[in-house]
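**Student:** Pasting model.tsv below, which is TSV, C-alpha atoms (C1' of nucleotides).
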chain	number	residue	atom	x	y	z
O	73	MET	CA	5.00	4.21	-13.56
O	74	LYS	CA	3.35	6.36	-11.01
O	75	VAL	CA	2.28	4.52	-7.97
O	76	THR	CA	2.73	7.28	-5.54
O	77	LYS	CA	-0.83	8.45	-5.58
O	78	ARG	CA	-2.34	5.03	-5.56
O	79	ASN	CA	-0.38	4.25	-2.48
O	80	LYS	CA	-1.98	7.17	-0.82
O	81	LEU	CA	-5.42	5.72	-1.30
O	82	LYS	CA	-6.24	3.83	1.80
O	83	ASN	CA	-9.50	2.91	0.17
O	84	ASN	CA	-11.30	0.30	2.11
O	85	GLY	CA	-15.04	0.42	2.39
O	86	TRP	CA	-15.75	1.92	-0.96
O	87	VAL	CA	-18.90	2.66	-2.76
O	88	VAL	CA	-18.00	1.59	-6.21
O	89	GLY	CA	-18.83	4.76	-7.96
O	90	SER	CA	-17.49	7.60	-5.98
O	91	THR	CA	-13.82	7.01	-6.27
O	92	SER	CA	-11.34	9.79	-5.89
O	93	ASP	CA	-12.27	12.99	-7.70
O	94	PHE	CA	-10.74	14.99	-4.95
O	95	LEU	CA	-7.33	13.44	-5.30
O	96	GLY	CA	-5.60	14.45	-8.46
O	97	LEU	CA	-5.88	11.13	-10.19
O	98	SER	CA	-5.78	11.08	-13.93
O	99	ASP	CA	-8.78	9.67	-15.68
O	100	GLU	CA	-6.90	6.55	-16.65
O	101	GLU	CA	-5.80	5.79	-13.15
O	102	GLU	CA	-9.21	6.50	-11.82
O	103	MET	CA	-10.78	4.08	-14.22
O	104	LEU	CA	-8.27	1.41	-13.39
O	105	ILE	CA	-9.00	1.77	-9.73
O	106	ASN	CA	-12.68	1.65	-10.37
O	107	ILE	CA	-12.29	-1.56	-12.28
O	108	LYS	CA	-10.23	-3.05	-9.53
O	109	LEU	CA	-12.72	-2.02	-6.88
O	110	THR	CA	-15.50	-3.59	-8.87
O	111	LEU	CA	-13.73	-6.88	-9.37
O	112	ALA	CA	-12.56	-6.90	-5.80
O	113	SER	CA	-16.01	-6.58	-4.37
O	114	GLU	CA	-17.30	-9.12	-6.81
O	115	LEU	CA	-14.63	-11.50	-5.65
O	116	LYS	CA	-15.52	-10.95	-2.05
O	117	SER	CA	-19.19	-11.48	-2.57
O	118	ARG	CA	-18.60	-14.61	-4.59
O	119	ARG	CA	-16.45	-16.02	-1.86
O	120	GLN	CA	-19.04	-15.23	0.75
O	121	GLN	CA	-21.74	-16.74	-1.37
O	122	VAL	CA	-19.91	-20.01	-1.39
O	123	LYS	CA	-19.20	-19.54	2.28
O	124	ILE	CA	-15.55	-20.27	2.41
O	125	THR	CA	-12.86	-18.45	4.30
O	126	GLN	CA	-10.11	-16.38	2.79
O	127	SER	CA	-7.68	-19.08	3.75
O	128	GLU	CA	-9.57	-21.75	1.89
O	129	LEU	CA	-9.82	-19.60	-1.17
O	130	ALA	CA	-6.12	-18.87	-0.88
O	131	LYS	CA	-5.38	-22.55	-0.93
O	132	ARG	CA	-7.40	-23.09	-4.07
O	133	LEU	CA	-5.70	-20.17	-5.72
O	134	GLY	CA	-2.28	-21.29	-4.66
O	135	SER	CA	-1.93	-18.07	-2.76
O	136	SER	CA	-2.10	-16.89	0.82
O	137	GLN	CA	-4.78	-15.55	3.11
O	138	SER	CA	-3.14	-12.18	3.32
O	139	ARG	CA	-3.11	-11.78	-0.41
O	140	VAL	CA	-6.76	-12.70	-0.62
O	141	ALA	CA	-7.51	-10.05	1.95
O	142	LYS	CA	-5.57	-7.57	-0.13
O	143	MET	CA	-7.40	-8.59	-3.25
O	144	GLU	CA	-10.76	-8.13	-1.62
O	145	SER	CA	-9.83	-4.69	-0.45
O	146	ALA	CA	-8.39	-3.77	-3.83
O	147	ASP	CA	-5.08	-3.07	-2.19
O	148	SER	CA	-2.73	-1.16	-4.42
O	149	SER	CA	-0.37	-4.09	-4.43
O	150	VAL	CA	-2.67	-6.36	-6.36
O	151	SER	CA	-2.76	-6.44	-10.09
O	152	LEU	CA	-5.74	-6.54	-12.36
O	153	GLU	CA	-4.35	-9.76	-13.61
O	154	LEU	CA	-4.56	-11.45	-10.23
O	155	LEU	CA	-8.10	-10.29	-9.70
O	156	VAL	CA	-9.23	-11.65	-13.01
O	157	ARG	CA	-7.43	-14.90	-12.45
O	158	SER	CA	-9.10	-15.28	-9.09
O	159	LEU	CA	-12.54	-14.58	-10.42
O	160	ALA	CA	-11.91	-17.12	-13.12
O	161	CYS	CA	-11.20	-19.57	-10.38
O	162	PHE	CA	-14.76	-19.06	-9.18
O	163	GLY	CA	-15.99	-19.99	-12.60
O	164	ALA	CA	-16.54	-16.49	-13.89
O	165	SER	CA	-16.53	-16.50	-17.65
O	166	GLN	CA	-14.92	-13.95	-19.86
O	167	ALA	CA	-18.31	-12.48	-20.61
O	168	GLU	CA	-19.14	-12.22	-16.95
O	169	ILE	CA	-15.92	-10.42	-16.25
O	170	GLY	CA	-16.71	-8.02	-19.02
O	171	LYS	CA	-20.13	-7.37	-17.56
O	172	MET	CA	-18.68	-6.76	-14.14
O	173	ILE	CA	-16.39	-4.14	-15.57
O	174	ILE	CA	-19.20	-2.45	-17.37
O	175	GLY	CA	-21.05	-2.37	-14.12
O	176	LYS	CA	-24.76	-2.12	-13.52
O	177	LYS	CA	-25.17	1.49	-12.75
O	178	SER	CA	-22.92	3.56	-14.86
O	179	VAL	CA	-21.20	5.86	-12.58
O	180	LYS	CA	-19.55	8.69	-14.26
O	181	LYS	CA	-19.34	10.15	-17.68
O	182	LYS	CA	-15.91	10.36	-19.10
O	183	GLN	CA	-15.02	12.74	-21.82
O	184	GLN	CA	-11.87	11.03	-23.01
O	185	SER	CA	-8.34	12.20	-22.80
O	186	THR	CA	-5.58	13.69	-24.83
O	187	MET	CA	-5.95	11.65	-27.92
O	188	ALA	CA	-9.37	10.32	-28.59
O	189	LYS	CA	-10.21	10.38	-32.22
Q	129	MET	CA	3.08	-18.30	-11.02
Q	130	LYS	CA	3.28	-20.36	-14.13
Q	131	VAL	CA	4.57	-18.50	-17.09
Q	132	THR	CA	6.28	-21.32	-18.80
Q	133	LYS	CA	3.46	-22.21	-21.09
Q	134	ARG	CA	2.59	-18.69	-21.97
Q	135	ASN	CA	6.12	-18.15	-23.07
Q	136	LYS	CA	5.67	-20.97	-25.50
Q	137	LEU	CA	2.87	-19.20	-27.27
Q	138	LYS	CA	4.41	-17.27	-30.07
Q	139	ASN	CA	0.98	-15.98	-30.85
Q	140	ASN	CA	1.07	-13.24	-33.36
Q	141	GLY	CA	-1.64	-13.03	-35.93
Q	142	TRP	CA	-4.43	-14.48	-33.89
Q	143	VAL	CA	-8.03	-14.97	-34.60
Q	144	VAL	CA	-9.46	-13.92	-31.34
Q	145	GLY	CA	-11.48	-16.98	-30.62
Q	146	SER	CA	-9.42	-19.99	-31.41
Q	147	THR	CA	-6.72	-19.75	-28.87
Q	148	SER	CA	-4.83	-22.72	-27.67
Q	149	ASP	CA	-6.94	-25.78	-26.89
Q	150	PHE	CA	-4.17	-27.98	-28.03
Q	151	LEU	CA	-1.69	-26.70	-25.52
Q	152	GLY	CA	-2.52	-27.75	-22.05
Q	153	LEU	CA	-3.54	-24.37	-20.77
Q	154	SER	CA	-5.86	-24.21	-17.84
Q	155	ASP	CA	-9.17	-22.52	-18.41
Q	156	GLU	CA	-8.14	-19.53	-16.35
Q	157	GLU	CA	-4.96	-18.98	-18.26
Q	158	GLU	CA	-6.72	-19.44	-21.54
Q	159	MET	CA	-9.29	-16.84	-20.65
Q	160	LEU	CA	-6.65	-14.41	-19.57
Q	161	ILE	CA	-4.83	-14.82	-22.84
Q	162	ASN	CA	-8.02	-14.39	-24.74
Q	163	ILE	CA	-8.73	-11.17	-22.96
Q	164	LYS	CA	-5.27	-9.90	-23.65
Q	165	LEU	CA	-5.49	-10.82	-27.30
Q	166	THR	CA	-8.76	-8.99	-27.57
Q	167	LEU	CA	-7.52	-5.84	-25.93
Q	168	ALA	CA	-4.30	-6.00	-27.87
Q	169	SER	CA	-5.99	-6.08	-31.22
Q	170	GLU	CA	-8.38	-3.38	-30.13
Q	171	LEU	CA	-5.43	-1.25	-29.19
Q	172	LYS	CA	-3.79	-1.82	-32.51
Q	173	SER	CA	-6.86	-0.98	-34.49
Q	174	ARG	CA	-7.51	2.13	-32.48
Q	175	ARG	CA	-4.00	3.30	-33.07
Q	176	GLN	CA	-4.31	2.67	-36.77
Q	177	GLN	CA	-7.62	4.44	-36.88
Q	178	VAL	CA	-6.03	7.56	-35.54
Q	179	LYS	CA	-3.11	6.97	-37.88
Q	180	ILE	CA	-0.24	7.42	-35.55
Q	181	THR	CA	2.90	5.35	-35.29
Q	182	GLN	CA	3.84	3.11	-32.42
Q	183	SER	CA	6.48	5.60	-31.45
Q	184	GLU	CA	4.03	8.43	-31.19
Q	185	LEU	CA	1.69	6.36	-29.11
Q	186	ALA	CA	4.61	5.34	-26.94
Q	187	LYS	CA	5.40	8.94	-26.28
Q	188	ARG	CA	1.87	9.70	-25.20
Q	189	LEU	CA	1.86	6.69	-22.95
Q	190	GLY	CA	5.21	7.51	-21.49
Q	191	SER	CA	6.49	4.24	-22.81
Q	192	SER	CA	8.60	3.03	-25.68
Q	193	GLN	CA	8.00	1.88	-29.21
Q	194	SER	CA	9.12	-1.61	-28.43
Q	195	ARG	CA	6.69	-1.97	-25.61
Q	196	VAL	CA	3.87	-0.77	-27.79
Q	197	ALA	CA	4.80	-3.41	-30.33
Q	198	LYS	CA	4.73	-5.98	-27.59
Q	199	MET	CA	1.37	-4.78	-26.39
Q	200	GLU	CA	-0.10	-5.00	-29.82
Q	201	SER	CA	1.10	-8.53	-30.21
Q	202	ALA	CA	-0.09	-9.48	-26.74
Q	203	ASP	CA	3.42	-10.48	-25.85
Q	204	SER	CA	3.60	-12.52	-22.70
Q	205	SER	CA	5.57	-9.77	-21.04
Q	206	VAL	CA	2.74	-7.27	-21.03
Q	207	SER	CA	0.23	-7.10	-18.26
Q	208	LEU	CA	-3.48	-6.71	-18.48
Q	209	GLU	CA	-3.01	-3.56	-16.53
Q	210	LEU	CA	-0.83	-1.97	-19.14
Q	211	LEU	CA	-3.24	-2.87	-21.91
Q	212	VAL	CA	-6.16	-1.33	-20.09
Q	213	ARG	CA	-4.19	1.76	-19.25
Q	214	SER	CA	-3.23	2.16	-22.87
Q	215	LEU	CA	-6.74	1.77	-24.12
Q	216	ALA	CA	-7.85	4.32	-21.58
Q	217	CYS	CA	-5.35	6.65	-23.11
Q	218	PHE	CA	-7.28	6.39	-26.35
Q	219	GLY	CA	-10.38	7.49	-24.55
Q	220	ALA	CA	-11.88	4.08	-24.06
Q	221	SER	CA	-14.33	4.18	-21.21
Q	222	GLN	CA	-14.74	1.57	-18.57
Q	223	ALA	CA	-17.90	0.37	-20.26
Q	224	GLU	CA	-16.15	0.08	-23.58
Q	225	ILE	CA	-13.40	-1.97	-22.05
Q	226	GLY	CA	-15.99	-4.25	-20.55
Q	227	LYS	CA	-17.66	-4.66	-23.90
Q	228	MET	CA	-14.38	-5.47	-25.56
Q	229	ILE	CA	-13.78	-8.22	-23.06
Q	230	ILE	CA	-17.20	-9.65	-23.58
Q	231	GLY	CA	-16.47	-9.71	-27.25
Q	232	LYS	CA	-18.91	-9.74	-30.13
Q	233	LYS	CA	-19.19	-13.36	-30.95
Q	234	SER	CA	-18.96	-15.51	-27.91
Q	235	VAL	CA	-16.39	-18.00	-28.63
Q	236	LYS	CA	-16.40	-20.82	-26.29
Q	237	LYS	CA	-18.60	-22.08	-23.57
Q	238	LYS	CA	-16.96	-22.50	-20.26
Q	239	GLN	CA	-18.35	-24.78	-17.68
Q	240	GLN	CA	-16.61	-23.34	-14.69
Q	241	SER	CA	-13.95	-24.80	-12.54
Q	242	THR	CA	-13.47	-26.36	-9.17
Q	243	MET	CA	-15.62	-24.14	-7.14
Q	244	ALA	CA	-18.40	-22.41	-8.94
Q	245	LYS	CA	-21.55	-21.92	-6.94
V	133	DC	C1'	-10.62	-12.48	30.88
V	134	DA	C1'	-8.94	-16.46	27.63
V	135	DG	C1'	-8.99	-18.73	23.57
V	136	DG	C1'	-10.26	-19.27	18.73
V	137	DG	C1'	-11.83	-18.53	14.04
V	138	DG	C1'	-11.79	-15.13	10.61
V	139	DT	C1'	-9.91	-11.00	8.59
V	140	DA	C1'	-6.49	-7.06	8.08
V	141	DT	C1'	-1.76	-5.10	7.82
V	142	DG	C1'	3.35	-5.10	7.38
V	143	DT	C1'	7.53	-7.01	5.67
V	144	DC	C1'	10.51	-9.53	2.77
V	145	DA	C1'	12.97	-12.38	-0.73
V	146	DG	C1'	11.89	-14.20	-5.21
V	147	DT	C1'	9.83	-13.39	-9.60
V	148	DA	C1'	7.51	-10.71	-13.26
V	149	DT	C1'	6.76	-6.43	-15.73
V	150	DT	C1'	8.46	-2.00	-17.33
V	151	DG	C1'	10.86	1.62	-20.16
V	152	DA	C1'	14.90	2.23	-22.60
V	153	DC	C1'	18.04	1.01	-25.89
V	154	DA	C1'	20.06	-1.59	-29.70
V	155	DT	C1'	19.25	-3.92	-33.55
V	156	DA	C1'	16.88	-6.51	-37.14
V	157	DC	C1'	13.30	-6.73	-40.33
V	158	DC	C1'	10.17	-5.25	-43.39
V	159	DC	C1'	8.24	-2.38	-47.04
V	160	DC	C1'	8.77	1.73	-49.86
V	161	DT	C1'	10.79	5.43	-53.03
V	162	DG	C1'	14.52	7.10	-55.32
S	231	DC	C1'	21.51	-0.90	-54.12
S	232	DA	C1'	20.92	2.95	-50.40
S	233	DG	C1'	18.39	5.23	-47.28
S	234	DG	C1'	14.32	5.87	-44.39
S	235	DG	C1'	10.03	5.29	-41.93
S	236	DG	C1'	7.60	1.91	-39.51
S	237	DT	C1'	7.46	-2.34	-36.91
S	238	DA	C1'	9.39	-6.52	-34.42
S	239	DT	C1'	12.62	-8.84	-31.19
S	240	DG	C1'	16.15	-9.20	-27.50
S	241	DT	C1'	18.37	-7.59	-23.39
S	242	DC	C1'	18.86	-5.20	-19.15
S	243	DA	C1'	18.60	-2.41	-14.83
S	244	DA	C1'	14.90	-0.52	-12.16
S	245	DT	C1'	10.57	-1.18	-10.29
S	246	DA	C1'	6.20	-3.66	-9.18
S	247	DC	C1'	3.86	-7.79	-7.82
S	248	DT	C1'	3.68	-12.20	-5.45
S	249	DG	C1'	3.33	-15.79	-1.82
S	250	DA	C1'	4.72	-16.60	2.67
S	251	DC	C1'	5.05	-15.48	7.22
S	252	DA	C1'	4.26	-12.86	11.46
S	253	DT	C1'	1.28	-10.33	13.87
S	254	DA	C1'	-2.63	-7.42	15.04
S	255	DC	C1'	-7.37	-6.80	15.07
S	256	DC	C1'	-11.84	-7.90	15.33
S	257	DC	C1'	-15.91	-10.53	16.78
S	258	DC	C1'	-17.70	-14.52	19.29
S	259	DT	C1'	-18.53	-18.12	23.01
S	260	DG	C1'	-17.23	-19.95	27.14
Kindly transcribe the structure held in the file into structure tokens.

**Tutor:**
Amino acid sequence: MKVTKRNKLKNNGWVVGSTSDFLGLSDEEEMLINIKLTLASELKSRRQQVKITQSELAKRLGSSQSRVAKMESADSSVSLELLVRSLACFGASQAEIGKMIIGKKSVKKKQQSTMAK
Amino acid sequence: MKVTKRNKLKNNGWVVGSTSDFLGLSDEEEMLINIKLTLASELKSRRQQVKITQSELAKRLGSSQSRVAKMESADSSVSLELLVRSLACFGASQAEIGKMIIGKKSVKKKQQSTMAK
DNA sequence: CAGGGGTATGTCAGTATTGACATACCCCTG
DNA sequence: CAGGGGTATGTCAATACTGACATACCCCTG
């Protein structure tokens, strides 16, 4: 599994659509990152909406403040799985998660990769 | 992280909406499993559509036949991440992935958990 | 300037996930 | 029955992810 490039990405304040392009990320990786960024910012805004601190959220998740911070910044050490689980903890339904991933403003056309039908 | 229960689930031929209920899975875990089942079956059907074997797909993914089998059966040892990555490899766009997760027929109403707004 | 609440970053030991491999289990067709 | 192509299941060493902890970095307000 290639993590090398992802580790390079010190992506913090991101605008959710303009990821990479200039780094040589494959389409798949790029999409994955995009998804993570989307969920991450959704998580952050949901937490802020409820006005709780990262530490409080951490407690409810059975995690730690530092990990919450990493989640919210879509740190390369957090898995999609954890993000989804956390959103679920805020009451996000499966359908809502799906919608988040789709995203309001579609951001980039993708032509598919090596094997599309 | 609790994996114990998930390991119990020898879920193979699943109808994507009727998961668990009778096992004491938390809502979050249940949703996660549902998502995985959905993506897994999508992956399988896409592979079949293109008429390639698990081994061929494995090669393209840089993985192995056994892992592909596990993915397609939503084995508890495969991550959401891997499923998404694999679907991406078939040319699935971010939006398509989102739609898959939403699912055609909504299956279950969820009332949210401890902290929803 | 000092302290404090909130957030970010780094590290680490424990756990989970991964690809590879072996092997078993189907069908088939001969 | 024998082989073979495809799929499933189990195991394992390597790698990735996780929570916890320490610590730094903001703001503030006093």

**Student:** As an exercise, work out the distance from CA of Leu171 in chain Q to CA of Gly170 in chain O in Å and give it to one decimal place.

**Tutor:**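 These two atoms are separated by 16.6 Å.
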
**Student:** Kindly provide the residues of chain S that approach chain O to within 8 Å, each paired with its closest atom pair and their distance in Å to one decimal, based on only C-alpha atoms (C1' of nucleotides), listed by chain and increasing number, as a tab-separated table.

**Tutor:**
residue	atom	partner	partner_atom	distance
S:DC247	C1'	O:Ser149	CA	6.6
S:DG249	C1'	O:Ser135	CA	5.8
S:DA250	C1'	O:Ser136	CA	7.1

**Student:** What are the centre and edge lengths in Å, to one decimal, of the axis-aligned box around all listed atoms of range 129-144 of chain O with 6 Å added on each side, as JSON?

**Tutor:**
{"center_x": -6.3, "center_y": -15.3, "center_z": -1.2, "size_x": 20.8, "size_y": 27.5, "size_z": 21.0}

**Student:** Once you count all atoms listed in the file, what closest atom pair and distance in Å to one decimal does each residue of chain O within 8 Å of chain V have, with rows by chain and rising residue number, as CSV?

**Tutor:**
residue,atom,partner,partner_atom,distance
O:Thr125,CA,V:DG138,C1',7.2
O:Gln126,CA,V:DT139,C1',7.9
O:Ser138,CA,V:DA140,C1',7.8
O:Ala141,CA,V:DA140,C1',6.9

**Student:** Give me, please, the distance in Å between CA of Leu215 in chain Q and CA of Ser98 in chain O, quoted to one decimal.

**Tutor:**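 Result for CA of Leu215 in chain Q versus CA of Ser98 in chain O: 13.8 Å, one decimal.
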
**Student:** What is the distance, in Å and to one decimal place, between CA of Thr110 in chain O and CA of Gly175 in chain O?

**Tutor:**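 For CA of Thr110 in chain O relative to CA of Gly175 in chain O, the distance reads 7.7 Å.
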
**Student:** Taking only C-alpha atoms into account, name the residue in O:Leu111, O:Val122, O:Leu129, O:Leu155 that is nearest to chain Q.

**Tutor:**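 Among the listed residues, O:Val122 lies closest to chain Q.
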
**Student:** Need a file for range 140-157 of chain O from that block: N, CA, C and O atoms, written as a JSON list (two decimals), in the first residue's frame.

**Tutor:**
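Result file is out_13.json:
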[["chain", "number", "residue", "atom", "x", "y", "z"],
["O", 140, "VAL", "N", -9.32, 13.13, 17.58],
["O", 140, "VAL", "CA", -10.39, 13.93, 17.01],
["O", 140, "VAL", "C", -9.80, 15.06, 16.17],
["O", 140, "VAL", "O", -10.26, 15.32, 15.07],
["O", 141, "ALA", "N", -8.78, 15.69, 16.71],
["O", 141, "ALA", "CA", -8.12, 16.75, 15.93],
["O", 141, "ALA", "C", -7.64, 16.20, 14.60],
["O", 141, "ALA", "O", -7.82, 16.82, 13.55],
["O", 142, "LYS", "N", -7.05, 15.03, 14.65],
["O", 142, "LYS", "CA", -6.55, 14.42, 13.41],
["O", 142, "LYS", "C", -7.68, 14.10, 12.46],
["O", 142, "LYS", "O", -7.57, 14.28, 11.24],
["O", 143, "MET", "N", -8.77, 13.61, 13.01],
["O", 143, "MET", "CA", -9.92, 13.33, 12.15],
["O", 143, "MET", "C", -10.37, 14.59, 11.45],
["O", 143, "MET", "O", -10.60, 14.60, 10.25],
["O", 144, "GLU", "N", -10.51, 15.66, 12.22],
["O", 144, "GLU", "CA", -11.06, 16.88, 11.65],
["O", 144, "GLU", "C", -10.14, 17.49, 10.61],
["O", 144, "GLU", "O", -10.57, 18.27, 9.76],
["O", 145, "SER", "N", -8.88, 17.16, 10.71],
["O", 145, "SER", "CA", -7.97, 17.70, 9.70],
["O", 145, "SER", "C", -7.65, 16.65, 8.64],
["O", 145, "SER", "O", -6.73, 16.81, 7.86],
["O", 146, "ALA", "N", -8.42, 15.58, 8.64],
["O", 146, "ALA", "CA", -8.24, 14.53, 7.65],
["O", 146, "ALA", "C", -6.79, 14.08, 7.59],
["O", 146, "ALA", "O", -6.25, 13.83, 6.53],
["O", 147, "ASP", "N", -6.20, 13.98, 8.74],
["O", 147, "ASP", "CA", -4.82, 13.51, 8.84],
["O", 147, "ASP", "C", -4.68, 12.15, 8.15],
["O", 147, "ASP", "O", -5.61, 11.34, 8.16],
["O", 148, "SER", "N", -3.53, 11.93, 7.58],
["O", 148, "SER", "CA", -3.37, 10.69, 6.82],
["O", 148, "SER", "C", -3.40, 9.45, 7.70],
["O", 148, "SER", "O", -3.48, 8.34, 7.20],
["O", 149, "SER", "N", -3.37, 9.66, 9.00],
["O", 149, "SER", "CA", -3.41, 8.49, 9.86],
["O", 149, "SER", "C", -4.82, 8.08, 10.26],
["O", 149, "SER", "O", -4.99, 7.17, 11.04],
["O", 150, "VAL", "N", -5.83, 8.76, 9.74],
["O", 150, "VAL", "CA", -7.17, 8.31, 10.10],
["O", 150, "VAL", "C", -7.85, 7.62, 8.94],
["O", 150, "VAL", "O", -7.74, 8.03, 7.79],
["O", 151, "SER", "N", -8.54, 6.58, 9.28],
["O", 151, "SER", "CA", -9.18, 5.77, 8.25],
["O", 151, "SER", "C", -10.57, 6.29, 7.93],
["O", 151, "SER", "O", -11.21, 6.95, 8.75],
["O", 152, "LEU", "N", -11.01, 5.94, 6.77],
["O", 152, "LEU", "CA", -12.37, 6.24, 6.34],
["O", 152, "LEU", "C", -13.34, 5.69, 7.38],
["O", 152, "LEU", "O", -14.30, 6.33, 7.79],
["O", 153, "GLU", "N", -13.04, 4.50, 7.76],
["O", 153, "GLU", "CA", -13.85, 3.80, 8.73],
["O", 153, "GLU", "C", -14.11, 4.63, 9.99],
["O", 153, "GLU", "O", -15.23, 4.78, 10.44],
["O", 154, "LEU", "N", -13.05, 5.19, 10.53],
["O", 154, "LEU", "CA", -13.18, 5.97, 11.76],
["O", 154, "LEU", "C", -14.02, 7.20, 11.53],
["O", 154, "LEU", "O", -14.86, 7.57, 12.36],
["O", 155, "LEU", "N", -13.84, 7.82, 10.40],
["O", 155, "LEU", "CA", -14.62, 9.01, 10.08],
["O", 155, "LEU", "C", -16.10, 8.69, 10.02],
["O", 155, "LEU", "O", -16.93, 9.39, 10.58],
["O", 156, "VAL", "N", -16.40, 7.61, 9.34],
["O", 156, "VAL", "CA", -17.80, 7.24, 9.21],
["O", 156, "VAL", "C", -18.39, 6.90, 10.57],
["O", 156, "VAL", "O", -19.48, 7.35, 10.94],
["O", 157, "ARG", "N", -17.65, 6.15, 11.33],
["O", 157, "ARG", "CA", -18.10, 5.77, 12.65],
["O", 157, "ARG", "C", -18.40, 7.01, 13.49],
["O", 157, "ARG", "O", -19.40, 7.08, 14.20]]
